[in-house]
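Engineer: mmCIF, C-alpha atoms, saved as start32.cif, coming up:
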```
data_query
#
loop_
_atom_site.label_atom_id
_atom_site.label_comp_id
_atom_site.auth_asym_id
_atom_site.auth_seq_id
_atom_site.Cartn_x
_atom_site.Cartn_y
_atom_site.Cartn_z
CA MET A 55 141.06 204.80 92.85
CA ALA A 56 144.79 204.66 93.47
CA LEU A 57 146.25 205.93 96.74
CA LEU A 58 149.14 208.39 96.62
CA LEU A 59 151.28 209.02 99.69
CA LYS A 60 153.18 212.27 99.15
CA ASN A 61 156.29 213.68 100.78
CA GLY A 62 157.02 210.72 103.03
CA HIS A 63 160.46 210.32 104.55
CA VAL A 64 161.01 206.82 103.15
CA VAL A 65 163.05 204.44 105.31
CA ASP A 66 163.88 201.28 103.42
CA PRO A 67 167.15 199.30 103.57
CA GLN A 68 166.78 198.29 99.92
CA THR A 69 165.49 201.37 98.08
CA HIS A 70 165.15 205.14 98.34
CA THR A 71 166.36 205.37 101.93
CA GLY A 72 166.73 208.76 103.55
CA MET A 73 164.83 210.78 100.95
CA ARG A 74 161.34 212.19 100.59
CA PHE A 75 159.43 210.26 97.99
CA ASP A 76 155.89 209.71 96.85
CA VAL A 77 154.49 206.18 96.93
CA LYS A 78 151.57 205.18 94.72
CA ILE A 79 149.40 202.18 95.59
CA ASP A 80 146.87 200.50 93.33
CA GLY A 81 144.78 197.94 95.17
CA ASP A 82 147.11 196.04 97.45
CA THR A 83 150.34 196.63 95.48
CA ILE A 84 152.93 199.39 95.30
CA VAL A 85 152.97 200.51 91.66
CA GLU A 86 155.25 203.56 91.66
CA VAL A 87 157.84 205.21 93.90
CA GLY A 88 159.47 208.50 93.04
CA GLU A 89 159.53 212.27 93.34
CA ASN A 90 156.59 214.51 92.43
CA LEU A 91 154.33 211.72 91.16
CA SER A 92 151.16 212.78 89.36
CA THR A 93 148.06 213.04 91.53
CA ASP A 94 145.65 212.41 88.63
CA GLY A 95 143.00 209.87 89.59
CA CYS A 96 144.46 209.39 93.08
CA GLU A 97 143.32 209.79 96.62
CA VAL A 98 146.17 211.85 98.10
CA ILE A 99 147.55 211.70 101.64
CA ASP A 100 150.21 214.30 102.39
CA LEU A 101 152.58 212.79 104.94
CA ALA A 102 154.28 216.14 105.55
CA GLY A 103 157.64 214.53 106.12
CA LYS A 104 156.43 211.70 108.34
CA TYR A 105 158.51 208.53 108.33
CA LEU A 106 157.23 205.78 106.03
CA VAL A 107 158.62 202.27 106.61
CA PRO A 108 157.76 198.75 105.42
CA GLY A 109 155.31 196.89 107.65
CA LEU A 110 156.91 194.82 110.39
CA VAL A 111 156.94 191.05 109.88
CA ASP A 112 156.93 188.89 113.00
CA MET A 113 158.16 185.41 112.21
CA HIS A 114 157.39 183.91 115.62
CA VAL A 115 154.09 184.46 117.46
CA HIS A 116 151.47 182.56 119.46
CA LEU A 117 147.91 183.57 118.60
CA ARG A 118 146.45 180.86 120.91
CA GLU A 119 143.48 179.97 118.68
CA PRO A 120 142.28 177.24 118.40
CA GLY A 121 142.04 175.89 121.93
CA TYR A 122 143.29 178.67 124.19
CA GLU A 123 140.89 181.48 123.45
CA HIS A 124 140.97 182.58 127.10
CA LYS A 125 144.55 183.70 126.42
CA GLY A 126 143.98 185.20 122.98
CA THR A 127 142.16 184.82 119.69
CA ILE A 128 143.25 185.40 116.12
CA GLU A 129 141.05 188.51 116.13
CA SER A 130 142.32 189.99 119.41
CA GLU A 131 145.99 189.25 118.83
CA THR A 132 146.14 190.47 115.23
CA ARG A 133 144.38 193.64 116.42
CA ALA A 134 147.23 194.07 118.91
CA ALA A 135 149.73 193.22 116.16
CA VAL A 136 148.69 196.07 113.85
CA LYS A 137 148.79 198.48 116.79
CA GLY A 138 152.40 197.39 117.21
CA GLY A 139 153.11 197.90 113.50
CA PHE A 140 153.00 194.27 112.36
CA THR A 141 151.42 193.65 108.98
CA GLY A 142 152.24 189.93 108.88
CA VAL A 143 152.78 187.32 111.61
CA CYS A 144 153.87 183.68 111.55
CA SER A 145 151.77 181.71 114.05
CA MET A 146 153.30 178.78 115.91
CA PRO A 147 151.48 175.41 116.02
CA ASN A 148 151.19 174.81 119.78
CA THR A 149 147.41 175.12 119.67
CA ASP A 150 144.72 172.67 120.73
CA PRO A 151 144.32 170.74 118.56
CA VAL A 152 147.94 171.07 117.49
CA THR A 153 148.45 172.52 114.01
CA ASP A 154 149.87 169.24 112.71
CA ASN A 155 147.52 168.54 109.79
CA GLY A 156 145.89 170.32 106.88
CA THR A 157 142.50 170.68 108.57
CA VAL A 158 143.83 172.81 111.43
CA VAL A 159 145.93 174.86 109.01
CA GLU A 160 142.82 175.57 106.95
CA TYR A 161 140.94 176.53 110.11
CA VAL A 162 143.62 179.04 111.13
CA LYS A 163 143.69 180.53 107.65
CA SER A 164 139.91 180.78 107.37
CA VAL A 165 139.52 182.50 110.74
CA ALA A 166 142.40 184.85 109.89
CA ALA A 167 140.79 185.73 106.56
CA ARG A 168 137.45 186.40 108.24
CA GLU A 169 138.50 188.05 111.51
CA GLY A 170 142.19 188.90 111.28
CA HIS A 171 143.55 192.43 111.05
CA CYS A 172 146.85 191.50 109.37
CA HIS A 173 148.32 188.65 107.34
CA VAL A 174 148.62 185.38 109.26
CA TYR A 175 151.20 182.86 108.04
CA PRO A 176 150.72 179.52 109.84
CA ALA A 177 153.63 177.27 110.77
CA GLY A 178 152.94 173.56 110.89
CA ALA A 179 154.17 171.17 113.57
CA CYS A 180 157.30 169.13 113.02
CA SER A 181 155.93 166.15 114.95
CA LYS A 182 152.42 164.84 115.54
CA GLY A 183 150.96 166.38 118.67
CA LEU A 184 154.32 168.10 119.34
CA LYS A 185 155.34 164.84 121.00
CA GLY A 186 158.65 164.55 119.16
CA GLU A 187 157.97 160.95 118.15
CA THR A 188 156.44 160.81 114.66
CA MET A 189 156.78 163.32 111.86
CA ALA A 190 153.66 165.37 111.17
CA GLU A 191 151.88 165.50 107.80
CA ILE A 192 154.22 168.07 106.29
CA GLY A 193 153.09 167.60 102.69
CA GLU A 194 149.43 167.93 103.61
CA MET A 195 150.13 171.07 105.64
CA ALA A 196 152.26 172.52 102.85
CA ARG A 197 149.37 172.13 100.43
CA ALA A 198 147.10 173.81 102.99
CA GLY A 199 149.43 176.81 103.16
CA ILE A 200 152.01 176.62 105.96
CA VAL A 201 155.16 178.71 105.59
CA ALA A 202 157.46 176.85 108.02
CA ILE A 203 157.79 173.75 110.22
CA SER A 204 158.25 174.00 113.97
CA ASP A 205 157.53 172.28 117.27
CA ASP A 206 158.08 175.62 118.99
CA GLY A 207 157.14 175.53 122.61
CA LYS A 208 158.97 172.25 122.72
CA PRO A 209 162.41 171.30 121.38
CA VAL A 210 162.88 168.48 118.88
CA MET A 211 165.08 166.27 121.04
CA ASN A 212 165.20 163.42 118.50
CA ALA A 213 167.93 164.45 116.02
CA GLN A 214 166.87 161.79 113.52
CA LEU A 215 163.31 163.15 113.50
CA LEU A 216 164.68 166.66 112.98
CA ARG A 217 166.83 165.41 110.11
CA ARG A 218 163.85 163.78 108.40
CA ALA A 219 161.73 166.88 108.87
CA MET A 220 164.47 169.04 107.34
CA GLU A 221 164.81 166.69 104.38
CA TYR A 222 161.09 166.22 103.80
CA GLY A 223 160.31 169.88 104.39
CA ALA A 224 162.94 170.93 101.86
CA ALA A 225 160.97 169.13 99.16
CA PHE A 226 158.16 171.60 99.80
CA GLY A 227 160.40 174.64 100.21
CA MET A 228 159.92 174.65 104.00
CA THR A 229 162.49 175.51 106.65
CA VAL A 230 162.42 174.02 110.15
CA PHE A 231 162.25 176.64 112.93
CA ASP A 232 163.77 175.01 115.99
CA HIS A 233 163.25 175.82 119.66
CA CYS A 234 166.73 174.98 120.90
CA GLU A 235 166.79 173.58 124.43
CA ASP A 236 167.99 170.27 125.80
CA ILE A 237 165.14 169.40 128.16
CA HIS A 238 167.45 167.32 130.37
CA LEU A 239 169.82 170.25 130.87
CA VAL A 240 166.87 172.59 131.43
CA ASN A 241 166.06 170.34 134.39
CA LYS A 242 162.85 172.22 135.25
CA GLY A 243 164.71 175.51 135.59
CA VAL A 244 162.60 178.66 135.71
CA MET A 245 165.26 181.37 135.19
CA ASN A 246 168.86 181.82 134.11
CA GLU A 247 171.30 179.75 136.16
CA GLY A 248 173.71 182.00 138.00
CA TYR A 249 174.11 184.38 140.91
CA ASN A 250 170.54 185.66 140.86
CA SER A 251 168.95 182.21 140.73
CA THR A 252 171.04 181.21 143.76
CA LEU A 253 170.11 184.42 145.57
CA LEU A 254 166.40 183.93 144.89
CA GLY A 255 166.35 180.22 145.62
CA LEU A 256 164.90 179.47 142.17
CA ARG A 257 166.05 176.57 140.00
CA GLY A 258 168.21 177.85 137.15
CA THR A 259 168.58 176.81 133.52
CA THR A 260 172.13 176.57 132.20
CA ARG A 261 172.87 178.40 128.96
CA ALA A 262 174.40 175.13 127.75
CA ALA A 263 170.86 173.78 127.35
CA GLU A 264 170.34 176.21 124.50
CA GLU A 265 173.82 176.15 123.05
CA VAL A 266 174.27 172.38 122.65
CA GLN A 267 171.06 172.25 120.59
CA ILE A 268 172.11 175.18 118.41
CA ALA A 269 175.43 173.41 117.77
CA ARG A 270 173.60 170.18 116.90
CA ASP A 271 171.30 171.99 114.48
CA ALA A 272 174.22 173.78 112.81
CA ILE A 273 176.02 170.46 112.31
CA LEU A 274 172.89 168.86 110.83
CA ALA A 275 172.34 171.79 108.48
CA GLU A 276 175.98 171.63 107.38
CA THR A 277 175.90 167.85 106.88
CA LEU A 278 172.64 167.92 104.91
CA ASN A 279 173.32 171.23 103.15
CA LEU A 280 169.80 172.27 104.13
CA PRO A 281 168.51 175.39 105.90
CA ILE A 282 167.65 175.61 109.59
CA HIS A 283 166.25 178.56 111.53
CA ILE A 284 167.08 179.05 115.22
CA CYS A 285 164.35 180.57 117.35
CA HIS A 286 164.75 183.14 120.15
CA VAL A 287 168.55 183.08 120.63
CA SER A 288 169.36 184.38 124.11
CA THR A 289 173.03 183.64 124.87
CA ALA A 290 176.44 184.91 123.80
CA GLY A 291 177.51 181.33 123.16
CA GLY A 292 174.58 180.79 120.82
CA VAL A 293 175.55 183.89 118.83
CA ARG A 294 179.15 182.63 118.58
CA ILE A 295 178.08 179.18 117.31
CA ILE A 296 175.80 180.71 114.66
CA ARG A 297 178.49 183.19 113.56
CA GLU A 298 181.03 180.39 113.14
CA ALA A 299 178.52 178.28 111.22
CA LYS A 300 177.69 181.12 108.85
CA ALA A 301 181.41 181.68 108.25
CA ARG A 302 181.60 178.07 107.03
CA GLY A 303 178.69 178.64 104.66
CA VAL A 304 176.07 176.77 106.69
CA LYS A 305 172.49 177.64 105.70
CA ILE A 306 171.48 178.88 109.13
CA THR A 307 169.35 181.86 110.09
CA ALA A 308 168.40 183.06 113.54
CA GLU A 309 166.18 185.41 115.49
CA THR A 310 166.25 186.98 118.92
CA ALA A 311 163.45 188.71 120.83
CA PRO A 312 163.03 192.29 122.13
CA HIS A 313 162.91 191.16 125.76
CA TYR A 314 166.42 189.69 125.51
CA LEU A 315 167.68 193.07 124.27
CA ALA A 316 165.82 195.11 126.87
CA GLY A 317 165.86 192.88 129.96
CA THR A 318 168.22 190.80 132.10
CA ASP A 319 167.74 188.36 134.95
CA ASP A 320 168.11 191.28 137.35
CA MET A 321 164.44 191.93 136.56
CA VAL A 322 163.57 188.60 138.20
CA LEU A 323 164.75 189.93 141.59
CA SER A 324 161.22 191.30 142.04
CA TYR A 325 159.78 187.77 141.71
CA ASN A 326 157.44 189.30 139.11
CA ALA A 327 156.25 186.33 137.02
CA ALA A 328 155.85 188.64 134.02
CA THR A 329 159.63 188.22 133.66
CA LYS A 330 159.31 184.44 133.24
CA VAL A 331 160.02 183.50 129.64
CA ASN A 332 161.52 180.53 127.83
CA PRO A 333 164.48 180.63 127.26
CA PRO A 334 164.99 182.88 130.29
CA LEU A 335 166.27 186.42 130.50
CA ARG A 336 170.07 186.29 130.61
CA LEU A 337 172.95 188.64 131.51
CA THR A 338 174.28 191.98 130.27
CA GLU A 339 177.08 190.23 128.38
CA ASP A 340 174.49 188.20 126.51
CA GLN A 341 172.64 191.40 125.57
CA ASP A 342 175.89 192.84 124.23
CA ALA A 343 176.53 189.73 122.14
CA LEU A 344 172.99 189.74 120.74
CA ILE A 345 173.29 193.41 119.74
CA GLU A 346 176.65 192.73 118.08
CA GLY A 347 175.12 189.74 116.31
CA LEU A 348 172.26 191.85 114.95
CA CYS A 349 174.67 194.54 113.79
CA ASP A 350 177.05 192.18 111.97
CA GLY A 351 174.34 189.99 110.42
CA THR A 352 174.84 186.89 112.57
CA ILE A 353 171.31 187.29 113.93
CA ASP A 354 168.98 187.91 111.00
CA ALA A 355 165.79 189.04 112.67
CA ILE A 356 163.96 190.25 115.74
CA ALA A 357 160.78 188.30 116.48
CA THR A 358 158.50 188.93 119.45
CA ASP A 359 157.70 185.34 120.49
CA HIS A 360 154.40 187.01 121.47
CA ALA A 361 152.84 184.77 124.12
CA PRO A 362 149.71 186.14 125.77
CA HIS A 363 148.52 184.52 129.00
CA HIS A 364 145.48 184.94 131.22
CA ARG A 365 146.27 186.81 134.44
CA ASP A 366 145.49 183.68 136.49
CA GLU A 367 148.40 181.94 134.77
CA LYS A 368 150.86 184.70 135.68
CA GLU A 369 149.71 186.04 139.04
CA VAL A 370 150.96 182.98 140.93
CA GLU A 371 154.21 181.80 142.51
CA TYR A 372 157.16 182.12 140.12
CA ASN A 373 157.69 178.36 139.91
CA LEU A 374 154.05 177.81 138.93
CA ALA A 375 153.65 180.67 136.44
CA LEU A 376 153.60 179.94 132.71
CA SER A 377 156.40 181.28 130.54
CA GLY A 378 155.85 184.02 127.99
CA ILE A 379 155.60 187.75 127.34
CA SER A 380 152.91 189.66 125.44
CA GLY A 381 155.14 191.49 123.00
CA PHE A 382 153.28 192.90 119.99
CA GLU A 383 152.61 196.35 121.40
CA THR A 384 156.05 197.00 122.87
CA ALA A 385 158.41 195.40 120.34
CA PHE A 386 158.96 198.31 117.95
CA ALA A 387 159.73 200.79 120.72
CA LEU A 388 161.93 198.41 122.73
CA GLY A 389 164.00 197.75 119.62
CA MET A 390 164.21 201.46 118.83
CA GLU A 391 165.31 202.18 122.40
CA THR A 392 167.96 199.46 122.67
CA LEU A 393 169.33 199.61 119.14
CA VAL A 394 168.62 202.88 117.32
CA HIS A 395 168.51 205.43 120.13
CA ALA A 396 171.42 203.64 121.80
CA HIS A 397 173.37 204.28 118.56
CA HIS A 398 174.10 200.64 117.78
CA MET A 399 172.39 200.71 114.38
CA SER A 400 170.61 203.08 112.03
CA LEU A 401 166.85 203.17 111.55
CA GLU A 402 167.39 201.66 108.10
CA ASP A 403 169.30 198.71 109.54
CA TYR A 404 166.65 198.27 112.22
CA VAL A 405 163.95 198.04 109.54
CA LYS A 406 166.02 195.31 107.91
CA VAL A 407 165.88 193.03 110.98
CA VAL A 408 162.21 193.65 111.80
CA SER A 409 160.80 193.66 108.27
CA THR A 410 163.02 192.94 105.26
CA ASN A 411 164.87 189.88 106.59
CA PRO A 412 161.83 188.18 108.17
CA ALA A 413 159.88 188.64 104.93
CA ARG A 414 162.74 187.12 102.97
CA ILE A 415 163.09 184.11 105.29
CA LEU A 416 159.33 183.47 105.14
CA GLY A 417 159.29 183.96 101.37
CA LYS A 418 156.77 186.81 101.43
CA ASN A 419 156.44 189.64 98.91
CA CYS A 420 156.78 192.43 101.46
CA GLY A 421 159.38 194.07 103.67
CA GLU A 422 160.30 196.69 101.06
CA LEU A 423 158.81 199.91 99.74
CA ALA A 424 159.39 198.98 96.12
CA VAL A 425 157.36 198.59 92.93
CA GLY A 426 155.57 195.24 92.83
CA LYS A 427 155.73 194.68 96.59
CA ASP A 428 152.68 194.29 98.79
CA ALA A 429 151.34 197.61 100.08
CA ASP A 430 152.06 196.82 103.74
CA PHE A 431 153.65 199.80 105.46
CA LEU A 432 153.70 202.05 108.53
CA LEU A 433 153.83 205.68 109.48
CA VAL A 434 156.10 206.04 112.50
CA ASP A 435 157.50 208.73 114.73
CA PRO A 436 160.95 207.39 115.67
CA ASN A 437 161.45 209.98 118.41
CA GLU A 438 158.10 210.18 120.22
CA GLU A 439 158.46 209.36 123.90
CA TRP A 440 155.76 207.35 125.64
CA CYS A 441 155.22 205.09 128.63
CA ILE A 442 154.35 201.41 128.21
CA ASP A 443 151.01 200.76 129.91
CA SER A 444 149.88 197.14 129.78
CA ARG A 445 146.37 198.19 130.84
CA LYS A 446 145.96 199.74 127.40
CA PHE A 447 147.07 196.64 125.49
CA LEU A 448 144.67 195.40 122.82
CA SER A 449 146.08 191.91 123.34
CA LYS A 450 144.18 189.73 125.79
CA GLY A 451 147.55 189.13 127.43
CA LYS A 452 148.73 191.96 129.66
CA ASN A 453 151.81 189.99 130.74
CA THR A 454 154.83 192.23 130.22
CA PRO A 455 157.74 193.07 132.54
CA PHE A 456 158.08 196.46 130.79
CA HIS A 457 154.93 198.09 132.22
CA GLY A 458 155.85 201.63 133.24
CA THR A 459 158.99 201.78 131.06
CA MET A 460 159.63 205.00 129.13
CA VAL A 461 160.54 204.38 125.48
CA HIS A 462 161.02 206.26 122.22
CA GLY A 463 159.50 205.37 118.85
CA ARG A 464 155.79 205.02 118.13
CA VAL A 465 153.68 203.53 115.37
CA LYS A 466 151.25 206.19 114.15
CA ALA A 467 149.40 204.21 111.47
CA THR A 468 149.48 200.70 109.99
CA PHE A 469 148.43 199.91 106.42
CA VAL A 470 147.76 196.32 105.32
CA GLY A 471 147.08 195.68 101.65
CA GLY A 472 146.92 199.41 101.01
CA LYS A 473 144.22 199.98 103.64
CA CYS A 474 144.64 201.83 106.92
CA ILE A 475 143.91 199.23 109.57
CA TYR A 476 145.21 201.10 112.63
CA ARG A 477 145.66 204.77 113.43
CA ASP A 478 147.11 206.09 116.68
CA GLU A 479 144.48 208.27 118.31
#
```
Mind converting the file's structure to structure tokens?

Structural biologist:
Amino acid sequence: MALLLKNGHVVDPQTHTGMRFDVKIDGDTIVEVGENLSTDGCEVIDLAGKYLVPGLVDMHVHLREPGYEHKGTIESETRAAVKGGFTGVCSMPNTDPVTDNGTVVEYVKSVAAREGHCHVYPAGACSKGLKGETMAEIGEMARAGIVAISDDGKPVMNAQLLRRAMEYGAAFGMTVFDHCEDIHLVNKGVMNEGYNSTLLGLRGTTRAAEEVQIARDAILAETLNLPIHICHVSTAGGVRIIREAKARGVKITAETAPHYLAGTDDMVLSYNAATKVNPPLRLTEDQDALIEGLCDGTIDAIATDHAPHHRDEKEVEYNLALSGISGFETAFALGMETLVHAHHMSLEDYVKVVSTNPARILGKNCGELAVGKDADFLLVDPNEEWCIDSRKFLSKGKNTPFHGTMVHGRVKATFVGGKCIYRDE
């Protein structure tokens, strides 16, 4: 029996935005969108004017399985993902064993099919063992079903290896997602280099560590005429380099993360290791540049870089704590708060950077409420106020610096493949 959603306030940057439409779903596909659709042979859900948006697509996450199940599993983290409104997530390869061959890719996919609550799109490693020395088996992983190539968690310092991965990956329709940091310039820094790092007596990381690698990647992409994707951009200089590259026609895309929009290195003054993330939280001027970049299309997407950790890995001295923030269950609201409710962009444009653009970059048939698209969508209340409480996270990782923060915008229900997988109680 088909499912008919009636009277929804459809929010879609591509089609039907700002109007109340009915959406008909047959199986896992949207088959009709319009006004006053026939209810014959349909199960009907009257949305009574609720907001209906495409499911969020997170193109950069760490699910931890295999190897780090004490931090998170595919089951636990995808359960947290659908609570946060994500219907598809791209998992990074820094697992144990590393996702650098077809066997591990098949394992991730099989567990996701059996235990996952949303679509899982694996990324394969750029180099064997993430060591940055020898190119991984990209062809084998492509046949097993990866959607991208990345050594995320570690930068690809060897530019020749990156070049070969870009060239070889292109033959399989794969884009390299690069974690841009020069490890020598990072110099074991644990936060942004500046006034606050000096005040706290913590070793800082210069923004140049990120920016020189973004510039290198842009030059390679321009020289080879091949695409490159820049992960978790955090600095104003990085935004400027990407904007200039795009103006020259370079095939470069980029993402930033909610914590760079909602937090600065002032949060580190508490010595709370939940603020430790890589690259680090920056300054207000960087936030402003990132917001401008999202609004003018320089930055294509918002991705969580969801990185759950066990409490024992965070509740230690700042220098010893692991980097990462558990972001699935806060991302939608943090973006709504910093972008939509702050009047920087419309809800339609916000949907574009959290759903439509990530789906396009990953090559997935979702991110739009249109005929023929996958029936992955959300019911949201863009104005509901609530308090972030990490104790209620479904993720195994409770590591967030935003515990206790009041935000607006809440996911009320998540549908994956036409089925309601999560409903806000």

Engineer: Enumerate, as a list in words, the residues matched when the PyMOL selection byres ((chain A and resi 74) around 10) is run on the file above.

Structural biologist: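 Checking the PyMOL selection byres ((chain A and resi 74) around 10) against this file, the residues are Lys60, Asn61, Gly62, His63, Val64, Val65, His70, Thr71, Gly72, Met73, Phe75, Asp76, Val77, Gly88, Glu89, Asn90, Leu101, Ala102, Gly103, Lys104, Tyr105 and Leu106 of chain A.
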
Engineer: Quick one: residues within 9 Å of A:His233, all atoms listed in the file counted, chain neighbours fewer than 3 positions away excluded, as a short mmCIF file (atom, residue, chain, number, x, y, z; two decimals) with C-alpha atoms, in the coordinates of the input?

Structural biologist:
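result03.cif was written with the following content:
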```
data_model
loop_
_atom_site.label_atom_id
_atom_site.label_comp_id
_atom_site.auth_asym_id
_atom_site.auth_seq_id
_atom_site.Cartn_x
_atom_site.Cartn_y
_atom_site.Cartn_z
CA SER A 204 158.25 174.00 113.97
CA ASP A 205 157.53 172.28 117.27
CA ASP A 206 158.08 175.62 118.99
CA GLY A 207 157.14 175.53 122.61
CA LYS A 208 158.97 172.25 122.72
CA PRO A 209 162.41 171.30 121.38
CA VAL A 210 162.88 168.48 118.88
CA GLU A 264 170.34 176.21 124.50
CA GLN A 267 171.06 172.25 120.59
CA ILE A 268 172.11 175.18 118.41
CA ILE A 284 167.08 179.05 115.22
CA CYS A 285 164.35 180.57 117.35
CA HIS A 286 164.75 183.14 120.15
#
```

Engineer: Just give me the gap between atom CA of A:His114 and atom CA of A:Ile79 in Å, one decimal is fine.

Structural biologist: 28.3 Å

Engineer: I need every residue sitting at most 10 Å from the point (162.0, 187.2, 107.0) (coordinates as in the file, all atoms listed in the file considered), written as an mmCIF file with C-alpha atoms, keeping the file's coordinate frame.

Structural biologist:
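So part-v5.cif came out as:
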```cif
data_model
loop_
_atom_site.group_PDB
_atom_site.id
_atom_site.type_symbol
_atom_site.label_atom_id
_atom_site.label_comp_id
_atom_site.auth_asym_id
_atom_site.auth_seq_id
_atom_site.Cartn_x
_atom_site.Cartn_y
_atom_site.Cartn_z
ATOM 1 C CA LEU A 110 156.910 194.820 110.390
ATOM 2 C CA VAL A 111 156.940 191.050 109.880
ATOM 3 C CA ASP A 112 156.930 188.890 113.000
ATOM 4 C CA MET A 113 158.160 185.410 112.210
ATOM 5 C CA CYS A 144 153.870 183.680 111.550
ATOM 6 C CA THR A 307 169.350 181.860 110.090
ATOM 7 C CA GLU A 309 166.180 185.410 115.490
ATOM 8 C CA ASP A 354 168.980 187.910 111.000
ATOM 9 C CA ALA A 355 165.790 189.040 112.670
ATOM 10 C CA ILE A 356 163.960 190.250 115.740
ATOM 11 C CA ALA A 357 160.780 188.300 116.480
ATOM 12 C CA LYS A 406 166.020 195.310 107.910
ATOM 13 C CA VAL A 407 165.880 193.030 110.980
ATOM 14 C CA VAL A 408 162.210 193.650 111.800
ATOM 15 C CA SER A 409 160.800 193.660 108.270
ATOM 16 C CA THR A 410 163.020 192.940 105.260
ATOM 17 C CA ASN A 411 164.870 189.880 106.590
ATOM 18 C CA PRO A 412 161.830 188.180 108.170
ATOM 19 C CA ALA A 413 159.880 188.640 104.930
ATOM 20 C CA ARG A 414 162.740 187.120 102.970
ATOM 21 C CA ILE A 415 163.090 184.110 105.290
ATOM 22 C CA LEU A 416 159.330 183.470 105.140
ATOM 23 C CA GLY A 417 159.290 183.960 101.370
ATOM 24 C CA LYS A 418 156.770 186.810 101.430
ATOM 25 C CA CYS A 420 156.780 192.430 101.460
ATOM 26 C CA GLY A 421 159.380 194.070 103.670
#
```

Engineer: Any chance you could resolve the PyMOL selection byres ((chain A and resi 322) around 10) against this file and give the residues as a VMD selection string?

Structural biologist: chain A and resid 245 to 246 250 to 251 254 317 to 321 323 to 330 334 to 335 372 455

Engineer: Could you pull the residues within 12 Å of A:Lys446, counting only C-alpha atoms, minus those fewer than 2 positions along the same chain, as a CSV table (one decimal) with C-alpha atoms, in the coordinates of the input?

Structural biologist:
```
chain,number,residue,atom,x,y,z
A,134,ALA,CA,147.2,194.1,118.9
A,137,LYS,CA,148.8,198.5,116.8
A,383,GLU,CA,152.6,196.4,121.4
A,384,THR,CA,156.0,197.0,122.9
A,441,CYS,CA,155.2,205.1,128.6
A,442,ILE,CA,154.4,201.4,128.2
A,443,ASP,CA,151.0,200.8,129.9
A,444,SER,CA,149.9,197.1,129.8
A,448,LEU,CA,144.7,195.4,122.8
A,449,SER,CA,146.1,191.9,123.3
A,450,LYS,CA,144.2,189.7,125.8
A,451,GLY,CA,147.6,189.1,127.4
A,452,LYS,CA,148.7,192.0,129.7
A,453,ASN,CA,151.8,190.0,130.7
A,454,THR,CA,154.8,192.2,130.2
A,457,HIS,CA,154.9,198.1,132.2
A,458,GLY,CA,155.8,201.6,133.2
```

Engineer: Applying the PyMOL selection byres ((chain A and resi 297) around 12) to the file I just gave you, which residues come out? Please list them as a PyMOL selection string.

Structural biologist: chain A and resi 268-269+272+290-296+298-308+343-344+346-354

Engineer: Show me the residues close to (145.4, 175.8, 121.0) - anything with an atom within 8 Å, counting all atoms listed in the file - and format the list as a list in words.

Structural biologist: Arg118, Glu119, Pro120, Gly121, Tyr122, Glu123, Pro147, Asn148, Thr149, Asp150, Pro151 and Val152 of chain A

Engineer: Considering only C-alpha atoms, state which residue in the set A:Val174, A:Val87, A:Met460, A:Leu432 is at the smallest distance from A:Cys474.

Structural biologist: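 Result for the nearest residue to A:Cys474: A:Leu432.
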
Engineer: Quick check, in Å to one decimal: how far apart do atom CA of A:Leu388 and atom CA of A:Glu479 lie?

Structural biologist: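 Atom CA of A:Glu479 lies at a distance of 20.5 Å from atom CA of A:Leu388.
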
Engineer: Ranking A:Val331, A:Leu216, A:Val425, A:Val165 by minimum distance to A:Ser181 and counting all atoms listed in the file, which one comes first?

Structural biologist: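 Of the candidates, the smallest distance to A:Ser181 is held by A:Leu216.
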
Engineer: So what do you get for atom CA of A:Glu169 versus atom CA of A:Thr127, distance-wise?

Structural biologist: 9.5 Å

Engineer: Name the closest residue to A:Ile99 among the candidates A:Val201, A:Ala316, A:Lys78, A:Lys125; distances are taken between atoms, counting all atoms listed in the file.

Structural biologist: A:Lys78

Engineer: Can you tell me which residues surround stretch 241-244 of chain A at a distance of at most 10 Å, considering all atoms listed in the file, apart from same-chain residues fewer than 3 positions away, and format the answer as an NGL selection string?

Structural biologist: :A and (236-238 or 247 or 251 or 256-260 or 263 or 330-334 or 372-377)

Engineer: Which residue is closest to A:Phe231? Choose from A:Ile273, A:Ile200, A:Leu117, A:Ala177 and count all atoms listed in the file.

Structural biologist: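 That would be A:Ala177, the residue with the smallest distance to A:Phe231.
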
Engineer: Under the rule that all atoms listed in the file are counted, which of A:Cys234, A:Met211, A:Val405, A:Ala190 is the nearest residue to A:Pro108?

Structural biologist: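 Smallest distance to A:Pro108 is found for A:Val405.
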
Engineer: Within 7 Å of A:His360, counting all atoms listed in the file, which residues show up once you throw out same-chain ones fewer than 3 positions away? Write them as JSON, numbers by chain, please.

Structural biologist: {"A": [115, 116, 379, 380, 381, 382]}

Engineer: Quick one: write out the picked residues with C-alpha atoms as a PDB file, in the frame of the given file?

Structural biologist:
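Everything below was put into result23.pdb:
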```pdb
ATOM      1  CA  VAL A 115     154.090 184.460 117.460  1.00  0.00           C
ATOM      2  CA  HIS A 116     151.470 182.560 119.460  1.00  0.00           C
ATOM      3  CA  ILE A 379     155.600 187.750 127.340  1.00  0.00           C
ATOM      4  CA  SER A 380     152.910 189.660 125.440  1.00  0.00           C
ATOM      5  CA  GLY A 381     155.140 191.490 123.000  1.00  0.00           C
ATOM      6  CA  PHE A 382     153.280 192.900 119.990  1.00  0.00           C
TER       7      PHE A 382
END
```

Engineer: Which is closest to A:Val107 among A:Gly142, A:Gly95, A:Gly199, A:Pro67, if we use all atoms listed in the file?

Structural biologist: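 Of A:Gly142, A:Gly95, A:Gly199, A:Pro67, the one nearest A:Val107 is A:Pro67, counting all atoms listed in the file.
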